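Source file: upload-v4.csv; contents: CSV, C-alpha atoms and all ligand atoms.
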```
chain,number,residue,atom,x,y,z
A,12,MET,CA,101.4,-90.9,38.7
A,13,LYS,CA,104.1,-93.1,37.3
A,14,LEU,CA,103.2,-95.4,34.4
A,15,ILE,CA,104.8,-97.9,32.0
A,16,ILE,CA,103.3,-98.7,28.6
A,17,PHE,CA,104.0,-101.8,26.6
A,18,GLY,CA,102.7,-102.8,23.2
A,19,PRO,CA,104.0,-104.4,20.0
A,20,PRO,CA,105.0,-102.2,17.1
A,21,GLY,CA,101.9,-100.7,15.4
A,22,ALA,CA,99.8,-101.0,18.6
A,23,GLY,CA,99.3,-97.3,18.9
A,24,LYS,CA,101.6,-97.0,21.9
A,25,GLY,CA,102.8,-93.5,20.9
A,26,THR,CA,99.3,-92.2,20.3
A,27,GLN,CA,98.0,-93.5,23.6
A,28,SER,CA,101.0,-92.2,25.6
A,29,GLU,CA,100.5,-88.8,24.1
A,30,ILE,CA,96.8,-88.7,25.0
A,31,ILE,CA,97.4,-90.1,28.5
A,32,SER,CA,100.2,-87.6,29.2
A,33,LYS,CA,98.1,-84.7,28.1
A,34,GLU,CA,95.1,-85.8,30.2
A,35,TYR,CA,97.1,-86.4,33.4
A,36,LYS,CA,99.9,-83.9,32.8
A,37,LEU,CA,102.6,-86.5,32.7
A,38,THR,CA,105.9,-86.4,30.8
A,39,GLN,CA,106.3,-88.9,28.0
A,40,ILE,CA,109.7,-90.6,28.4
A,41,SER,CA,110.4,-92.7,25.4
A,42,SER,CA,113.8,-94.3,25.6
A,43,GLY,CA,114.0,-94.5,21.8
A,44,ASP,CA,113.3,-90.7,21.4
A,45,ILE,CA,115.8,-89.9,24.1
A,46,LEU,CA,118.6,-92.0,22.6
A,47,ARG,CA,118.0,-90.6,19.1
A,48,ALA,CA,118.1,-87.1,20.5
A,49,LYS,CA,121.2,-87.7,22.6
A,50,LYS,CA,123.0,-89.6,19.9
A,51,ASN,CA,123.4,-86.3,17.9
A,52,SER,CA,124.9,-84.2,20.7
A,53,ASP,CA,128.6,-83.8,21.0
A,54,THR,CA,129.3,-85.6,24.3
A,55,GLN,CA,131.2,-88.7,25.4
A,56,ILE,CA,127.9,-90.4,26.1
A,57,ALA,CA,126.6,-89.5,22.6
A,58,LYS,CA,129.6,-91.3,21.0
A,59,LEU,CA,128.9,-94.4,23.1
A,60,ILE,CA,125.2,-94.4,22.2
A,61,LYS,CA,125.9,-93.9,18.6
A,62,PHE,CA,128.3,-96.8,18.6
A,63,TYR,CA,125.7,-99.2,20.1
A,64,ILE,CA,122.9,-98.0,17.9
A,65,ASP,CA,124.9,-98.0,14.7
A,66,SER,CA,126.2,-101.5,15.4
A,67,GLY,CA,122.6,-102.6,15.9
A,68,SER,CA,123.1,-103.7,19.5
A,69,PHE,CA,121.2,-102.6,22.6
A,70,VAL,CA,122.5,-99.9,24.8
A,71,PRO,CA,123.9,-101.7,27.9
A,72,ASP,CA,121.6,-101.8,31.0
A,73,ASP,CA,123.7,-99.5,33.2
A,74,LEU,CA,124.0,-96.8,30.6
A,75,ILE,CA,120.3,-96.8,29.8
A,76,ILE,CA,119.4,-96.9,33.5
A,77,SER,CA,121.6,-93.8,34.2
A,78,ILE,CA,120.2,-91.9,31.1
A,79,MET,CA,116.6,-92.7,32.0
A,80,SER,CA,117.0,-91.9,35.7
A,81,ASP,CA,118.3,-88.5,34.8
A,82,GLU,CA,115.2,-87.9,32.7
A,83,MET,CA,112.9,-89.2,35.4
A,84,LYS,CA,114.4,-86.8,38.0
A,85,GLN,CA,113.2,-83.9,36.0
A,86,CYS,CA,109.5,-84.9,36.1
A,87,ASP,CA,108.2,-84.7,39.6
A,88,ASP,CA,104.6,-84.7,38.5
A,89,GLY,CA,104.8,-88.1,37.0
A,90,TYR,CA,105.6,-89.8,33.7
A,91,ILE,CA,104.8,-92.5,31.3
A,92,LEU,CA,107.7,-94.7,30.4
A,93,ASP,CA,107.9,-96.2,26.9
A,94,GLY,CA,110.7,-98.6,25.8
A,95,PHE,CA,112.1,-98.8,29.4
A,96,PRO,CA,112.5,-101.1,31.3
A,97,ARG,CA,113.4,-103.5,28.6
A,98,ASN,CA,114.2,-106.5,30.8
A,99,THR,CA,113.7,-107.7,34.4
A,100,TYR,CA,117.1,-106.4,35.5
A,101,GLN,CA,116.2,-102.9,34.4
A,102,ALA,CA,112.7,-103.3,36.0
A,103,LYS,CA,114.3,-104.3,39.4
A,104,VAL,CA,116.7,-101.4,39.4
A,105,LEU,CA,113.9,-99.0,38.5
A,106,ASP,CA,111.8,-100.4,41.5
A,107,GLU,CA,114.8,-100.0,43.8
A,108,MET,CA,115.4,-96.4,42.7
A,109,LEU,CA,111.8,-95.5,43.3
A,110,GLU,CA,111.7,-97.3,46.6
A,111,VAL,CA,114.5,-95.2,48.0
A,112,LYS,CA,112.3,-92.2,47.4
A,113,GLY,CA,109.2,-93.9,48.8
A,114,GLU,CA,107.7,-94.0,45.3
A,115,LYS,CA,106.5,-96.8,43.0
A,116,ILE,CA,105.1,-97.6,39.6
A,117,ASP,CA,101.3,-97.1,39.7
A,118,SER,CA,100.3,-99.1,36.7
A,119,VAL,CA,101.7,-101.0,33.7
A,120,LEU,CA,99.5,-100.6,30.6
A,121,CYS,CA,99.8,-103.3,28.0
A,122,LEU,CA,98.2,-102.8,24.6
A,123,ARG,CA,97.2,-106.1,23.0
A,124,VAL,CA,96.7,-106.3,19.3
A,125,PRO,CA,96.3,-109.5,17.2
A,126,ASP,CA,99.3,-110.2,14.9
A,127,GLU,CA,97.2,-110.0,11.7
A,128,ILE,CA,95.9,-106.6,12.6
A,129,ILE,CA,99.4,-105.3,13.2
A,130,VAL,CA,100.5,-106.7,9.9
A,131,ALA,CA,97.5,-105.1,8.2
A,132,ARG,CA,98.3,-101.7,9.8
A,133,LEU,CA,102.0,-101.6,9.2
A,134,SER,CA,102.2,-103.2,5.8
A,135,ALA,CA,100.0,-100.5,4.4
A,136,ARG,CA,102.4,-97.8,5.4
A,137,ARG,CA,104.3,-95.9,2.7
A,138,THR,CA,107.1,-93.5,3.3
A,139,CYS,CA,108.3,-90.5,1.2
A,140,THR,CA,111.7,-91.1,-0.3
A,141,VAL,CA,112.5,-87.4,0.2
A,142,CYS,CA,110.8,-85.9,3.3
A,143,SER,CA,110.1,-89.2,5.2
A,144,ARG,CA,106.5,-88.4,5.7
A,145,VAL,CA,104.4,-91.5,6.4
A,146,TYR,CA,101.2,-92.4,4.7
A,147,HIS,CA,98.7,-95.2,5.2
A,148,LEU,CA,97.1,-96.6,2.1
A,149,GLU,CA,93.7,-96.9,3.9
A,150,TYR,CA,93.6,-94.3,6.7
A,151,ASN,CA,95.8,-91.6,5.4
A,152,PRO,CA,96.4,-92.1,1.6
A,153,PRO,CA,98.4,-89.6,-0.5
A,154,LYS,CA,96.2,-87.5,-2.8
A,155,LYS,CA,98.0,-88.8,-5.9
A,156,GLU,CA,98.8,-92.5,-6.0
A,157,ASN,CA,102.2,-93.3,-4.7
A,158,LYS,CA,103.3,-89.7,-4.6
A,159,CYS,CA,104.0,-87.5,-1.6
A,160,ASP,CA,101.4,-84.6,-1.1
A,161,TYR,CA,104.2,-82.2,-0.1
A,162,ASP,CA,106.9,-82.7,-2.6
A,163,GLY,CA,105.5,-85.1,-5.2
A,164,ALA,CA,108.3,-87.6,-4.6
A,165,GLU,CA,107.9,-91.3,-4.9
A,166,LEU,CA,106.6,-93.3,-1.9
A,167,TYR,CA,108.2,-96.6,-0.8
A,168,GLN,CA,107.7,-99.3,1.7
A,169,ARG,CA,110.3,-99.4,4.4
A,170,ALA,CA,112.0,-102.7,5.0
A,171,ASP,CA,110.6,-102.5,8.5
A,172,ASP,CA,107.1,-102.4,7.2
A,173,LYS,CA,107.3,-105.6,5.1
A,174,GLU,CA,105.3,-108.5,6.4
A,175,GLU,CA,108.2,-110.9,7.2
A,176,THR,CA,110.0,-108.1,9.1
A,177,ILE,CA,106.8,-107.2,11.0
A,178,LEU,CA,106.2,-110.8,12.1
A,179,GLU,CA,109.8,-111.0,13.2
A,180,ARG,CA,109.5,-107.7,15.2
A,181,ILE,CA,106.4,-108.9,16.9
A,182,LYS,CA,108.1,-112.2,17.8
A,183,ILE,CA,111.0,-110.3,19.4
A,184,TYR,CA,108.6,-108.0,21.2
A,185,HIS,CA,106.8,-111.0,22.8
A,186,THR,CA,110.0,-112.8,23.8
A,187,GLU,CA,111.3,-109.6,25.3
A,188,THR,CA,108.2,-108.4,27.0
A,189,GLN,CA,106.7,-111.6,28.5
A,190,PRO,CA,109.2,-111.8,31.4
A,191,LEU,CA,108.4,-108.2,32.2
A,192,ILE,CA,104.7,-108.8,32.2
A,193,ASP,CA,105.3,-111.7,34.5
A,194,TYR,CA,107.4,-109.6,36.7
A,195,TYR,CA,104.8,-106.8,37.1
A,196,GLN,CA,102.0,-109.4,37.4
A,197,GLU,CA,103.5,-110.5,40.7
A,198,ASN,CA,102.6,-107.1,42.1
A,199,ASN,CA,99.3,-107.0,40.2
A,200,LEU,CA,100.3,-103.9,38.3
A,201,ASN,CA,99.4,-105.0,34.8
A,202,TYR,CA,96.4,-103.6,33.0
A,203,CYS,CA,95.9,-105.1,29.6
A,204,VAL,CA,93.8,-103.3,27.0
A,205,ASP,CA,92.6,-104.5,23.6
A,206,GLY,CA,94.5,-102.0,21.3
A,207,SER,CA,92.8,-103.0,18.1
A,208,GLY,CA,89.7,-100.7,18.3
A,209,ASP,CA,89.1,-97.0,18.1
A,210,ILE,CA,91.7,-94.7,19.6
A,211,ASN,CA,89.2,-92.8,21.7
A,212,GLU,CA,87.5,-95.9,23.0
A,213,ILE,CA,90.8,-97.4,24.0
A,214,PHE,CA,91.7,-94.2,25.8
A,215,THR,CA,88.3,-94.2,27.6
A,216,ILE,CA,89.0,-97.7,29.0
A,217,ILE,CA,92.5,-96.7,30.1
A,218,LYS,CA,91.2,-93.5,31.7
A,219,ARG,CA,88.6,-95.4,33.7
A,220,HIS,CA,91.3,-97.7,35.0
A,221,LEU,CA,93.7,-94.8,35.9
A,222,ASN,CA,90.9,-92.8,37.6
A,223,SER,CA,90.0,-95.9,39.7
A,224,LEU,CA,93.7,-96.0,40.8
A,225,ALA,CA,93.6,-92.4,41.8
A,226,LEU,CA,90.6,-93.0,44.1
A,227,GLU,CA,92.2,-95.8,46.0
B,1,ZN,ZN,107.7,-86.0,0.7
```
Write out the structure in this file as structure tokens.
Amino acid sequence: MKLIIFGPPGAGKGTQSEIISKEYKLTQISSGDILRAKKNSDTQIAKLIKFYIDSGSFVPDDLIISIMSDEMKQCDDGYILDGFPRNTYQAKVLDEMLEVKGEKIDSVLCLRVPDEIIVARLSARRTCTVCSRVYHLEYNPPKKENKCDYDGAELYQRADDKEETILERIKIYHTETQPLIDYYQENNLNYCVDGSGDINEIFTIIKRHLNSLALE
């Protein structure tokens, strides 16, 4: 099974990908994780990636496509892609690469979460200044107010988790993802799920959908 997952920041994409990949024995392929890991190696590609990431720009299409296709080659049993494709050009190349092998994407999962819930989730996050552990004021609060449980260091709110920044990130997400959703809609591959509820309930809905695909 080959899946793609979309969702705004704070939608629980990472959590759902993890549960789905365990249940269906898929490999989680997150472009962000791969780039972060590759960036620290000592290769020519690592230097390139580091350059793009550090200057705040996106890694060019052809480079990301070649990195991701290397990863995909290693997972014959299937995978769930997160953060790739990022635009319709990448999506078309991905389809072509799969077509050559007689394969295709089976489903595109989109987690939908209202903006105000994302803001509420992310703006309550606090990060340790020393060990970078993340707390949530409501769901996973530190034992002592504003102090890390592990090292007692001060907690702070990352710039990324401030309301204005969150709203901006959501806006970028929608602008970026809408053309992709339209692209996959042409092949009826999209499956949208309300991502604002309970983690297990959301997974149950996704599972029902994926099982129905497997029966076709
Ligand atoms: Zn800490």
Could the residues of chain A that have an atom at most 10 Å from ligand ZN 1 (chain B) be listed as a Markdown table, each with its closest atom pair and the distance in Å to one decimal, counting only C-alpha atoms and all ligand atoms and ordered by chain and ascending residue number?
```
| residue | atom | partner | partner_atom | distance |
| --- | --- | --- | --- | --- |
| A:Thr138 | CA | B:ZN1 | ZN | 8.0 |
| A:Cys139 | CA | B:ZN1 | ZN | 4.6 |
| A:Thr140 | CA | B:ZN1 | ZN | 6.6 |
| A:Val141 | CA | B:ZN1 | ZN | 5.0 |
| A:Cys142 | CA | B:ZN1 | ZN | 4.0 |
| A:Ser143 | CA | B:ZN1 | ZN | 6.0 |
| A:Arg144 | CA | B:ZN1 | ZN | 5.7 |
| A:Val145 | CA | B:ZN1 | ZN | 8.6 |
| A:Tyr146 | CA | B:ZN1 | ZN | 10.0 |
| A:Lys158 | CA | B:ZN1 | ZN | 7.8 |
| A:Cys159 | CA | B:ZN1 | ZN | 4.6 |
| A:Asp160 | CA | B:ZN1 | ZN | 6.7 |
| A:Tyr161 | CA | B:ZN1 | ZN | 5.2 |
| A:Asp162 | CA | B:ZN1 | ZN | 4.7 |
| A:Gly163 | CA | B:ZN1 | ZN | 6.4 |
| A:Ala164 | CA | B:ZN1 | ZN | 5.6 |
| A:Glu165 | CA | B:ZN1 | ZN | 7.7 |
| A:Leu166 | CA | B:ZN1 | ZN | 7.8 |
```
Can you spit out the residues from that selection as a CSV table (one decimal), keeping the file's coordinate frame, using C-alpha atoms?
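Written out: selection_28.csv:
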```csv
chain,number,residue,atom,x,y,z
A,138,THR,CA,107.1,-93.5,3.3
A,139,CYS,CA,108.3,-90.5,1.2
A,140,THR,CA,111.7,-91.1,-0.3
A,141,VAL,CA,112.5,-87.4,0.2
A,142,CYS,CA,110.8,-85.9,3.3
A,143,SER,CA,110.1,-89.2,5.2
A,144,ARG,CA,106.5,-88.4,5.7
A,145,VAL,CA,104.4,-91.5,6.4
A,146,TYR,CA,101.2,-92.4,4.7
A,158,LYS,CA,103.3,-89.7,-4.6
A,159,CYS,CA,104.0,-87.5,-1.6
A,160,ASP,CA,101.4,-84.6,-1.1
A,161,TYR,CA,104.2,-82.2,-0.1
A,162,ASP,CA,106.9,-82.7,-2.6
A,163,GLY,CA,105.5,-85.1,-5.2
A,164,ALA,CA,108.3,-87.6,-4.6
A,165,GLU,CA,107.9,-91.3,-4.9
A,166,LEU,CA,106.6,-93.3,-1.9
```
- Task: Select, from A:Pro152, A:Gly18, A:Gly67, A:Gly89, the residue with the minimum atom-to-atom distance to A:Arg123, counting only C-alpha atoms.
- Result: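 Closest to A:Arg123 of all the choices is A:Gly18.
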- Find the distance between atom CA of A:Val204 and atom CA of A:Leu122 and write it in Å to one decimal.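 Computing it gives 5.0 Å between the two atoms.
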- Distance of atom CA of A:Gly94 from atom CA of A:Tyr63, expressed in Å to one decimal place: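 Distance between the two atoms: 16.1 Å.
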- Item | Top pick for closest residue to A:Pro19, considering A:Gln189, A:Asn151, A:Ser42, A:Asn51 and counting only C-alpha atoms | A:Gln189
- Of the candidates A:Asp87, A:Ala102, A:Gly23, A:Leu59, which shows the shortest atom-to-atom distance to A:Gly208, using all atoms listed in the file?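 Closest to A:Gly208 of all the choices is A:Gly23.
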- Query: Using all atoms listed in the file, can you list as a PyMOL selection string the residues within 7 Å of (100.0, -102.9, 35.2)?
  - Reply: chain A and resi 118-120+195+199-202
- Note on the structure: A:Arg137 proximity check over A:Asp171, A:Glu107, A:Glu179, A:Asp88, using all atoms listed in the file: winner is A:Asp171
- Message: So the first atom is atom CA of A:Glu156 and the second is atom CA of A:Ser134; what is the distance between them in Å, to one decimal place?
- Response: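 Pair atom CA of A:Glu156 / atom CA of A:Ser134 returns 16.3 Å.
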- Query: Got a sec: who's within 12 Å of A:Gly206, counting all atoms listed in the file, leaving out chain neighbours fewer than 5 positions off, as a PyMOL selection string?
  - Reply: chain A and resi 16-27+120-126+128-129+211-217
- Task: Considering all atoms listed in the file, state which residue in the set A:Leu148, A:Ile30, A:Leu221, A:Leu191 is at the smallest distance from A:Pro96.
- Result: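 The closest residue to A:Pro96 is A:Leu191.
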- Query: Which residue out of A:Lys218, A:His147, A:Cys203, A:Lys112 has the minimum interatomic distance to A:Tyr167 when all atoms listed in the file are used?
  - Reply: A:His147
